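Visitor: Sending over a structure as structure tokens; questions will come in a sec.
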Amino acid sequence: MKKLSARRRHPLAAVVVLLLALAATGGLYAAFAPAGKAQADETAQSLAIDEGKKLYTVGCASCHGTGGQGTTDGPSLVGVGSAAVDFQVGTGRMPAQQPGAQVPKKKVIYTQAQIDQLAAYVASLGAGPITPTDKQVDPAGANIAKGGELFRNNCAQCHNFTGKGGALTNGKYAPALEGVSPKHIYEAMQTGPQSMPSFPDTIMPEQEKKDIIAYIQTVNGDETASPGGLSLGGLGPVSEGLFAWIFGLGALVASAVWVAAHTAKAKKS
């Protein structure tokens, strides 16, 4: 009887064994699953960089150098980051057709997947601004009034107060912002393309960039009415003054001539 009682297991022994098994399984998953995912991500990133380098060699190296160091025909790309590549290539500005005062927006020749690969390669040359996520550029819930204030203080001097664009010096210009995607507006603020200054998050936080995007989309939206009537392109007092000078003064001159002609005719009769 004593031998039988000594061999008898505790009622909770099976539960303890089960918990130990589950803990061991969880430990193995924690040990191997994240490492496997990290390794897969690293492999995918390496493949993207390799493919991006091939695209870069064909379409970019002749101007920017074989290693992105820059040449007399193009600036260095070391440290510009993936955001600059996504903006320049995603708007068709790069590859450039020919040198000039400013590279214009044109038809995009790469797919988004190829742009991502190019961006991955250029980003590997040196740390720089990262391509924003959909959440970062989503203007939903943004403060439109605050965005308008920020835009007028920081952007209207070049882009006009409604984003219609404007002329700069030496043949350069600030492009119109109507129809530009939120991602590209955000990236332009991040990287400061061409004559534009850059506004990193240390100067203009992410929320303020969202507010500006919301303002631009609102003032250029189809549902936005112009309370002043004919907007004349929204180009401001110069175009409005020119319109008033030509047509307003012309109408006054025509009226004066008509009055003088009828007065002289009345005197003769």
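The way I read the labels, and the way they are meant: chains A, B, ... in the order of the structure tokens, residue 1 as the first residue of every chain, and ligand 1 as the first ligand shown, with later ones counted on from there.
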Within 10 Å of Met94 of chain A, counting only C-alpha atoms, which residues qualify if same-chain residues fewer than 2 places away don't, as a PyMOL selection string?
Guide: chain A and resi 59-60+85-92+96-97+103-110
Visitor: For N, CA and C atoms, I'd like the residues from the last selection saved as an mmCIF file, in the first residue's frame.
Guide:
```
data_model
loop_
_atom_site.group_PDB
_atom_site.id
_atom_site.type_symbol
_atom_site.label_atom_id
_atom_site.label_comp_id
_atom_site.auth_asym_id
_atom_site.auth_seq_id
_atom_site.Cartn_x
_atom_site.Cartn_y
_atom_site.Cartn_z
ATOM 1 N N GLY A 59 18.965 54.391 -65.822
ATOM 2 C CA GLY A 59 18.247 55.640 -66.001
ATOM 3 C C GLY A 59 18.773 56.852 -65.267
ATOM 4 N N CYS A 60 19.712 56.675 -64.332
ATOM 5 C CA CYS A 60 20.110 57.803 -63.474
ATOM 6 C C CYS A 60 21.617 58.037 -63.393
ATOM 7 N N VAL A 85 13.236 60.650 -53.884
ATOM 8 C CA VAL A 85 13.122 59.813 -55.087
ATOM 9 C C VAL A 85 11.658 59.611 -55.446
ATOM 10 N N ASP A 86 10.841 59.303 -54.448
ATOM 11 C CA ASP A 86 9.422 59.064 -54.712
ATOM 12 C C ASP A 86 8.759 60.306 -55.290
ATOM 13 N N PHE A 87 9.149 61.480 -54.807
ATOM 14 C CA PHE A 87 8.574 62.722 -55.335
ATOM 15 C C PHE A 87 9.059 63.004 -56.751
ATOM 16 N N GLN A 88 10.376 63.005 -56.946
ATOM 17 C CA GLN A 88 10.940 63.397 -58.239
ATOM 18 C C GLN A 88 10.549 62.416 -59.348
ATOM 19 N N VAL A 89 10.658 61.131 -59.078
ATOM 20 C CA VAL A 89 10.342 60.127 -60.099
ATOM 21 C C VAL A 89 8.831 59.920 -60.201
ATOM 22 N N GLY A 90 8.140 60.008 -59.060
ATOM 23 C CA GLY A 90 6.690 59.799 -59.054
ATOM 24 C C GLY A 90 5.903 60.909 -59.714
ATOM 25 N N THR A 91 6.514 62.082 -59.891
ATOM 26 C CA THR A 91 5.849 63.181 -60.609
ATOM 27 C C THR A 91 6.390 63.337 -62.028
ATOM 28 N N GLY A 92 7.296 62.463 -62.438
ATOM 29 C CA GLY A 92 7.833 62.505 -63.796
ATOM 30 C C GLY A 92 8.934 63.522 -63.997
ATOM 31 N N ALA A 96 15.260 63.538 -66.001
ATOM 32 C CA ALA A 96 15.052 64.804 -66.698
ATOM 33 C C ALA A 96 15.310 64.629 -68.191
ATOM 34 N N GLN A 97 14.529 65.311 -69.006
ATOM 35 C CA GLN A 97 14.700 65.228 -70.457
ATOM 36 C C GLN A 97 15.897 66.054 -70.923
ATOM 37 N N VAL A 103 13.197 71.739 -63.763
ATOM 38 C CA VAL A 103 12.704 70.503 -64.373
ATOM 39 C C VAL A 103 11.192 70.444 -64.205
ATOM 40 N N PRO A 104 10.430 70.395 -65.296
ATOM 41 C CA PRO A 104 8.968 70.412 -65.183
ATOM 42 C C PRO A 104 8.391 69.033 -64.869
ATOM 43 N N LYS A 105 7.179 69.037 -64.391
ATOM 44 C CA LYS A 105 6.424 67.809 -64.187
ATOM 45 C C LYS A 105 6.029 67.244 -65.543
ATOM 46 N N LYS A 106 6.129 65.926 -65.693
ATOM 47 C CA LYS A 106 5.754 65.306 -66.967
ATOM 48 C C LYS A 106 5.257 63.888 -66.720
ATOM 49 N N LYS A 107 5.013 63.160 -67.771
ATOM 50 C CA LYS A 107 4.472 61.807 -67.652
ATOM 51 C C LYS A 107 5.448 60.891 -66.925
ATOM 52 N N VAL A 108 4.914 60.096 -66.008
ATOM 53 C CA VAL A 108 5.736 59.158 -65.230
ATOM 54 C C VAL A 108 6.051 57.942 -66.091
ATOM 55 N N ILE A 109 7.323 57.540 -66.124
ATOM 56 C CA ILE A 109 7.721 56.415 -66.973
ATOM 57 C C ILE A 109 7.986 55.138 -66.183
ATOM 58 N N TYR A 110 8.001 55.218 -64.860
ATOM 59 C CA TYR A 110 8.232 54.038 -64.020
ATOM 60 C C TYR A 110 6.942 53.653 -63.310
#
```
Visitor: Which is closest to Ile144 of chain A among A:Thr71, A:Thr218, A:Asn160, A:Ser46, if we use only C-alpha atoms?
Guide: A:Thr218
Visitor: Write out as a list in words the residues lying within 10 Å of Gly165 of chain A, counting only C-alpha atoms and excluding same-chain residues fewer than 4 positions away.
Guide: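 Answer for this query is Cys155, Ala156, Gln157, Cys158, His159, Asn160, Phe161, Tyr173, Ala174, Pro175, Ala176, Leu177, Glu178, Gly233, Gly234 and Leu235 of chain A.
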Visitor: Please, could you write that set of residues out with all heavy atoms as a short mmCIF file (atom, residue, chain, number, x, y, z; two decimals), in the first residue's frame?
Guide:
```
data_model
loop_
_atom_site.label_atom_id
_atom_site.label_comp_id
_atom_site.auth_asym_id
_atom_site.auth_seq_id
_atom_site.Cartn_x
_atom_site.Cartn_y
_atom_site.Cartn_z
N CYS A 155 3.99 79.47 -47.62
CA CYS A 155 3.93 78.97 -49.00
C CYS A 155 3.37 79.96 -50.01
O CYS A 155 3.71 79.89 -51.21
CB CYS A 155 3.09 77.69 -49.06
SG CYS A 155 3.38 76.51 -47.72
N ALA A 156 2.48 80.85 -49.56
CA ALA A 156 1.75 81.71 -50.49
C ALA A 156 2.66 82.67 -51.25
O ALA A 156 2.31 83.10 -52.35
CB ALA A 156 0.67 82.49 -49.75
N GLN A 157 3.81 83.00 -50.68
CA GLN A 157 4.70 83.95 -51.35
C GLN A 157 5.12 83.43 -52.72
O GLN A 157 5.39 84.23 -53.63
CB GLN A 157 5.95 84.19 -50.50
CG GLN A 157 5.68 84.86 -49.17
CD GLN A 157 5.41 83.85 -48.08
OE1 GLN A 157 5.02 82.72 -48.35
NE2 GLN A 157 5.62 84.26 -46.83
N CYS A 158 5.18 82.13 -52.88
CA CYS A 158 5.58 81.53 -54.17
C CYS A 158 4.42 80.86 -54.89
O CYS A 158 4.26 81.01 -56.09
CB CYS A 158 6.71 80.52 -53.95
SG CYS A 158 8.23 81.21 -53.28
N HIS A 159 3.61 80.11 -54.14
CA HIS A 159 2.57 79.29 -54.75
C HIS A 159 1.23 80.02 -54.89
O HIS A 159 0.28 79.41 -55.36
CB HIS A 159 2.36 78.01 -53.95
CG HIS A 159 3.49 77.03 -54.06
ND1 HIS A 159 3.68 76.22 -55.16
CD2 HIS A 159 4.51 76.75 -53.21
CE1 HIS A 159 4.74 75.47 -54.97
NE2 HIS A 159 5.27 75.76 -53.81
N ASN A 160 1.16 81.29 -54.46
CA ASN A 160 -0.11 82.02 -54.44
C ASN A 160 -0.96 81.53 -53.28
O ASN A 160 -0.82 80.41 -52.82
CB ASN A 160 -0.84 81.85 -55.77
CG ASN A 160 -2.16 82.60 -55.82
OD1 ASN A 160 -3.19 82.06 -55.43
ND2 ASN A 160 -2.12 83.82 -56.29
N PHE A 161 -1.86 82.36 -52.80
CA PHE A 161 -2.59 82.03 -51.56
C PHE A 161 -3.58 80.88 -51.72
O PHE A 161 -4.10 80.36 -50.74
CB PHE A 161 -3.31 83.27 -51.01
CG PHE A 161 -4.39 83.80 -51.90
CD1 PHE A 161 -5.71 83.47 -51.68
CD2 PHE A 161 -4.09 84.66 -52.96
CE1 PHE A 161 -6.71 83.96 -52.50
CE2 PHE A 161 -5.09 85.16 -53.77
CZ PHE A 161 -6.40 84.82 -53.55
N TYR A 173 9.86 78.80 -61.46
CA TYR A 173 8.48 79.06 -61.09
C TYR A 173 8.04 78.11 -59.99
O TYR A 173 8.62 77.03 -59.81
CB TYR A 173 7.56 78.90 -62.31
CG TYR A 173 7.60 77.52 -62.92
CD1 TYR A 173 6.73 76.52 -62.51
CD2 TYR A 173 8.54 77.20 -63.90
CE1 TYR A 173 6.77 75.24 -63.07
CE2 TYR A 173 8.59 75.94 -64.46
CZ TYR A 173 7.70 74.96 -64.04
OH TYR A 173 7.76 73.69 -64.58
N ALA A 174 7.04 78.53 -59.25
CA ALA A 174 6.41 77.67 -58.25
C ALA A 174 5.21 77.00 -58.91
O ALA A 174 4.30 77.70 -59.37
CB ALA A 174 5.97 78.49 -57.05
N PRO A 175 5.18 75.68 -59.00
CA PRO A 175 4.10 75.01 -59.74
C PRO A 175 2.76 75.11 -59.02
O PRO A 175 2.69 75.32 -57.81
CB PRO A 175 4.58 73.56 -59.80
CG PRO A 175 5.47 73.40 -58.62
CD PRO A 175 6.15 74.73 -58.45
N ALA A 176 1.70 74.96 -59.80
CA ALA A 176 0.35 74.91 -59.23
C ALA A 176 0.20 73.64 -58.42
O ALA A 176 0.77 72.60 -58.75
CB ALA A 176 -0.69 74.97 -60.34
N LEU A 177 -0.57 73.70 -57.35
CA LEU A 177 -0.75 72.56 -56.45
C LEU A 177 -2.09 71.86 -56.65
O LEU A 177 -2.38 70.88 -55.97
CB LEU A 177 -0.63 73.02 -55.00
CG LEU A 177 0.71 73.69 -54.64
CD1 LEU A 177 0.70 74.13 -53.19
CD2 LEU A 177 1.87 72.75 -54.92
N GLU A 178 -2.88 72.35 -57.56
CA GLU A 178 -4.18 71.72 -57.82
C GLU A 178 -3.98 70.35 -58.46
O GLU A 178 -3.26 70.21 -59.44
CB GLU A 178 -5.02 72.60 -58.74
CG GLU A 178 -6.43 72.09 -58.97
CD GLU A 178 -7.27 73.03 -59.82
OE1 GLU A 178 -6.72 74.08 -60.25
OE2 GLU A 178 -8.45 72.74 -60.04
N GLY A 233 -8.21 83.18 -62.37
CA GLY A 233 -7.11 82.26 -62.13
C GLY A 233 -6.61 82.26 -60.71
O GLY A 233 -5.69 81.53 -60.36
N GLY A 234 -7.22 83.08 -59.84
CA GLY A 234 -6.77 83.14 -58.46
C GLY A 234 -5.36 83.65 -58.30
O GLY A 234 -4.66 83.31 -57.36
N LEU A 235 -4.91 84.48 -59.23
CA LEU A 235 -3.51 84.93 -59.23
C LEU A 235 -3.29 86.20 -58.41
O LEU A 235 -2.17 86.70 -58.35
CB LEU A 235 -3.03 85.15 -60.66
CG LEU A 235 -3.00 83.89 -61.53
CD1 LEU A 235 -2.57 84.23 -62.94
CD2 LEU A 235 -2.07 82.85 -60.93
#
```
Visitor: Point out the residue among A:Ala140, A:Met204, A:Leu150, A:Val253 with the least atom-to-atom distance to Gln217 of chain A, counting only C-alpha atoms.
Guide: A:Ala140
Visitor: Find, counting only C-alpha atoms, the residue in A:Ala61, A:Ala244, A:Leu249, A:Ala214 that gets nearest to Gly141 of chain A.
Guide: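 So, comparing all the options, the nearest one is A:Ala214.
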Visitor: Enumerate the residues of segment 55-248 of chain A with a DSSP assignment of helix (DSSP H, G or I), computed from the backbone, and present them as number ranges by chain.
Guide: A: 55-59, 61-64, 81-90, 112-125, 134-137, 144-154, 156-159, 182-191, 206-219, 232-234, 237-248
Visitor: Write the residues of the selection above to a file with C-alpha atoms, as a PDB file, in the first residue's frame.
Guide:
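The resulting file, selection29.pdb, is shown below:
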```pdb
ATOM      1  CA  LEU A  55      17.213  50.692 -62.668  1.00  0.00           C
ATOM      2  CA  TYR A  56      19.493  53.436 -61.374  1.00  0.00           C
ATOM      3  CA  THR A  57      22.402  52.307 -63.531  1.00  0.00           C
ATOM      4  CA  VAL A  58      20.262  52.497 -66.670  1.00  0.00           C
ATOM      5  CA  GLY A  59      18.247  55.640 -66.001  1.00  0.00           C
ATOM      6  CA  ALA A  61      23.846  57.058 -63.312  1.00  0.00           C
ATOM      7  CA  SER A  62      24.733  59.105 -66.397  1.00  0.00           C
ATOM      8  CA  CYS A  63      23.840  62.308 -64.538  1.00  0.00           C
ATOM      9  CA  HIS A  64      24.135  61.431 -60.846  1.00  0.00           C
ATOM     10  CA  GLY A  81      16.373  59.727 -48.840  1.00  0.00           C
ATOM     11  CA  SER A  82      13.551  57.705 -50.344  1.00  0.00           C
ATOM     12  CA  ALA A  83      11.043  60.592 -50.102  1.00  0.00           C
ATOM     13  CA  ALA A  84      12.987  62.696 -52.611  1.00  0.00           C
ATOM     14  CA  VAL A  85      13.122  59.813 -55.087  1.00  0.00           C
ATOM     15  CA  ASP A  86       9.422  59.064 -54.712  1.00  0.00           C
ATOM     16  CA  PHE A  87       8.574  62.722 -55.335  1.00  0.00           C
ATOM     17  CA  GLN A  88      10.940  63.397 -58.239  1.00  0.00           C
ATOM     18  CA  VAL A  89      10.342  60.127 -60.099  1.00  0.00           C
ATOM     19  CA  GLY A  90       6.690  59.799 -59.054  1.00  0.00           C
ATOM     20  CA  GLN A 112       5.220  52.488 -58.444  1.00  0.00           C
ATOM     21  CA  ALA A 113       6.999  49.205 -57.739  1.00  0.00           C
ATOM     22  CA  GLN A 114      10.023  50.383 -59.734  1.00  0.00           C
ATOM     23  CA  ILE A 115       9.938  53.762 -57.987  1.00  0.00           C
ATOM     24  CA  ASP A 116       9.979  51.965 -54.627  1.00  0.00           C
ATOM     25  CA  GLN A 117      13.003  49.957 -55.758  1.00  0.00           C
ATOM     26  CA  LEU A 118      14.851  53.084 -56.912  1.00  0.00           C
ATOM     27  CA  ALA A 119      13.987  54.758 -53.620  1.00  0.00           C
ATOM     28  CA  ALA A 120      15.300  51.761 -51.669  1.00  0.00           C
ATOM     29  CA  TYR A 121      18.624  51.890 -53.503  1.00  0.00           C
ATOM     30  CA  VAL A 122      19.090  55.649 -53.096  1.00  0.00           C
ATOM     31  CA  ALA A 123      18.100  55.398 -49.422  1.00  0.00           C
ATOM     32  CA  SER A 124      20.838  52.786 -48.969  1.00  0.00           C
ATOM     33  CA  LEU A 125      23.441  55.385 -50.026  1.00  0.00           C
ATOM     34  CA  ASP A 134      -0.790  56.631 -46.094  1.00  0.00           C
ATOM     35  CA  LYS A 135      -1.644  57.467 -42.479  1.00  0.00           C
ATOM     36  CA  GLN A 136       0.882  60.290 -42.386  1.00  0.00           C
ATOM     37  CA  VAL A 137      -0.533  62.035 -45.464  1.00  0.00           C
ATOM     38  CA  ILE A 144      -8.289  73.436 -42.429  1.00  0.00           C
ATOM     39  CA  ALA A 145      -8.277  76.937 -40.933  1.00  0.00           C
ATOM     40  CA  LYS A 146      -4.916  76.292 -39.286  1.00  0.00           C
ATOM     41  CA  GLY A 147      -3.654  74.864 -42.568  1.00  0.00           C
ATOM     42  CA  GLY A 148      -4.684  78.047 -44.362  1.00  0.00           C
ATOM     43  CA  GLU A 149      -2.779  80.160 -41.844  1.00  0.00           C
ATOM     44  CA  LEU A 150       0.325  77.979 -42.192  1.00  0.00           C
ATOM     45  CA  PHE A 151       0.090  78.038 -45.980  1.00  0.00           C
ATOM     46  CA  ARG A 152      -0.228  81.820 -46.164  1.00  0.00           C
ATOM     47  CA  ASN A 153       2.739  82.266 -43.824  1.00  0.00           C
ATOM     48  CA  ASN A 154       5.062  79.739 -45.455  1.00  0.00           C
ATOM     49  CA  ALA A 156       1.751  81.712 -50.495  1.00  0.00           C
ATOM     50  CA  GLN A 157       4.701  83.947 -51.350  1.00  0.00           C
ATOM     51  CA  CYS A 158       5.584  81.535 -54.169  1.00  0.00           C
ATOM     52  CA  HIS A 159       2.569  79.294 -54.754  1.00  0.00           C
ATOM     53  CA  PRO A 182      -1.257  64.469 -50.700  1.00  0.00           C
ATOM     54  CA  LYS A 183       1.810  62.196 -50.642  1.00  0.00           C
ATOM     55  CA  HIS A 184       3.718  64.333 -53.121  1.00  0.00           C
ATOM     56  CA  ILE A 185       2.782  67.564 -51.297  1.00  0.00           C
ATOM     57  CA  TYR A 186       4.031  66.020 -48.052  1.00  0.00           C
ATOM     58  CA  GLU A 187       7.255  64.844 -49.709  1.00  0.00           C
ATOM     59  CA  ALA A 188       7.850  68.277 -51.225  1.00  0.00           C
ATOM     60  CA  MET A 189       7.619  69.806 -47.759  1.00  0.00           C
ATOM     61  CA  GLN A 190       9.995  67.137 -46.447  1.00  0.00           C
ATOM     62  CA  THR A 191      12.650  67.462 -49.120  1.00  0.00           C
ATOM     63  CA  GLU A 206       3.466  66.030 -39.184  1.00  0.00           C
ATOM     64  CA  GLN A 207       0.102  67.423 -38.035  1.00  0.00           C
ATOM     65  CA  GLU A 208       0.846  70.850 -39.515  1.00  0.00           C
ATOM     66  CA  LYS A 209       1.728  69.236 -42.847  1.00  0.00           C
ATOM     67  CA  LYS A 210      -1.647  67.463 -42.743  1.00  0.00           C
ATOM     68  CA  ASP A 211      -3.382  70.779 -42.038  1.00  0.00           C
ATOM     69  CA  ILE A 212      -1.728  72.376 -45.083  1.00  0.00           C
ATOM     70  CA  ILE A 213      -2.673  69.440 -47.312  1.00  0.00           C
ATOM     71  CA  ALA A 214      -6.288  69.693 -46.131  1.00  0.00           C
ATOM     72  CA  TYR A 215      -6.332  73.434 -46.911  1.00  0.00           C
ATOM     73  CA  ILE A 216      -4.910  72.956 -50.416  1.00  0.00           C
ATOM     74  CA  GLN A 217      -7.427  70.241 -51.210  1.00  0.00           C
ATOM     75  CA  THR A 218     -10.296  72.347 -49.867  1.00  0.00           C
ATOM     76  CA  VAL A 219      -9.578  75.605 -51.725  1.00  0.00           C
ATOM     77  CA  LEU A 232      -9.211  85.311 -62.849  1.00  0.00           C
ATOM     78  CA  GLY A 233      -7.108  82.255 -62.129  1.00  0.00           C
ATOM     79  CA  GLY A 234      -6.770  83.138 -58.459  1.00  0.00           C
ATOM     80  CA  PRO A 237      -4.127  91.662 -57.216  1.00  0.00           C
ATOM     81  CA  VAL A 238      -1.738  91.867 -60.193  1.00  0.00           C
ATOM     82  CA  SER A 239      -4.013  90.024 -62.593  1.00  0.00           C
ATOM     83  CA  GLU A 240      -7.108  91.650 -61.102  1.00  0.00           C
ATOM     84  CA  GLY A 241      -5.557  95.122 -61.403  1.00  0.00           C
ATOM     85  CA  LEU A 242      -4.533  94.446 -65.006  1.00  0.00           C
ATOM     86  CA  PHE A 243      -8.059  93.298 -65.812  1.00  0.00           C
ATOM     87  CA  ALA A 244      -9.532  96.430 -64.234  1.00  0.00           C
ATOM     88  CA  TRP A 245      -7.031  98.676 -66.018  1.00  0.00           C
ATOM     89  CA  ILE A 246      -7.601  97.243 -69.487  1.00  0.00           C
ATOM     90  CA  PHE A 247     -11.338  96.607 -69.400  1.00  0.00           C
ATOM     91  CA  GLY A 248     -12.384  99.188 -66.808  1.00  0.00           C
TER      92      GLY A 248
END
```
Visitor: Work out how far apart atom CA of Ala48 of chain A and atom CA of Pro129 of chain A are and give it in Å to one decimal.
Guide: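 Separating atom CA of Ala48 of chain A from atom CA of Pro129 of chain A is a distance of 18.0 Å.
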Visitor: Can you pull out every residue within 7 Å of Val78 of chain A, counting only C-alpha atoms, but drop anything in the same chain fewer than 2 positions away, and send it as an MDAnalysis selection string?
Guide: chainID A and resid 68:69 76 80 125:126
Visitor: Can you spit out the residues from that selection as a CSV table (one decimal), in the first residue's frame, using C-alpha atoms?
Guide:
```csv
chain,number,residue,atom,x,y,z
A,68,GLY,CA,25.1,58.6,-56.6
A,69,GLN,CA,28.0,60.9,-55.8
A,76,SER,CA,24.7,64.0,-55.3
A,80,VAL,CA,18.4,62.7,-50.1
A,125,LEU,CA,23.4,55.4,-50.0
A,126,GLY,CA,22.8,57.5,-47.0
```
Visitor: My list of candidates is A:Trp258, A:Asn220, A:Pro205, A:Phe199. Which is closest to Gly179 of chain A when distances are computed with only C-alpha atoms?
Guide: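 Residue with the minimum atom-to-atom distance to Gly179 of chain A: A:Asn220.
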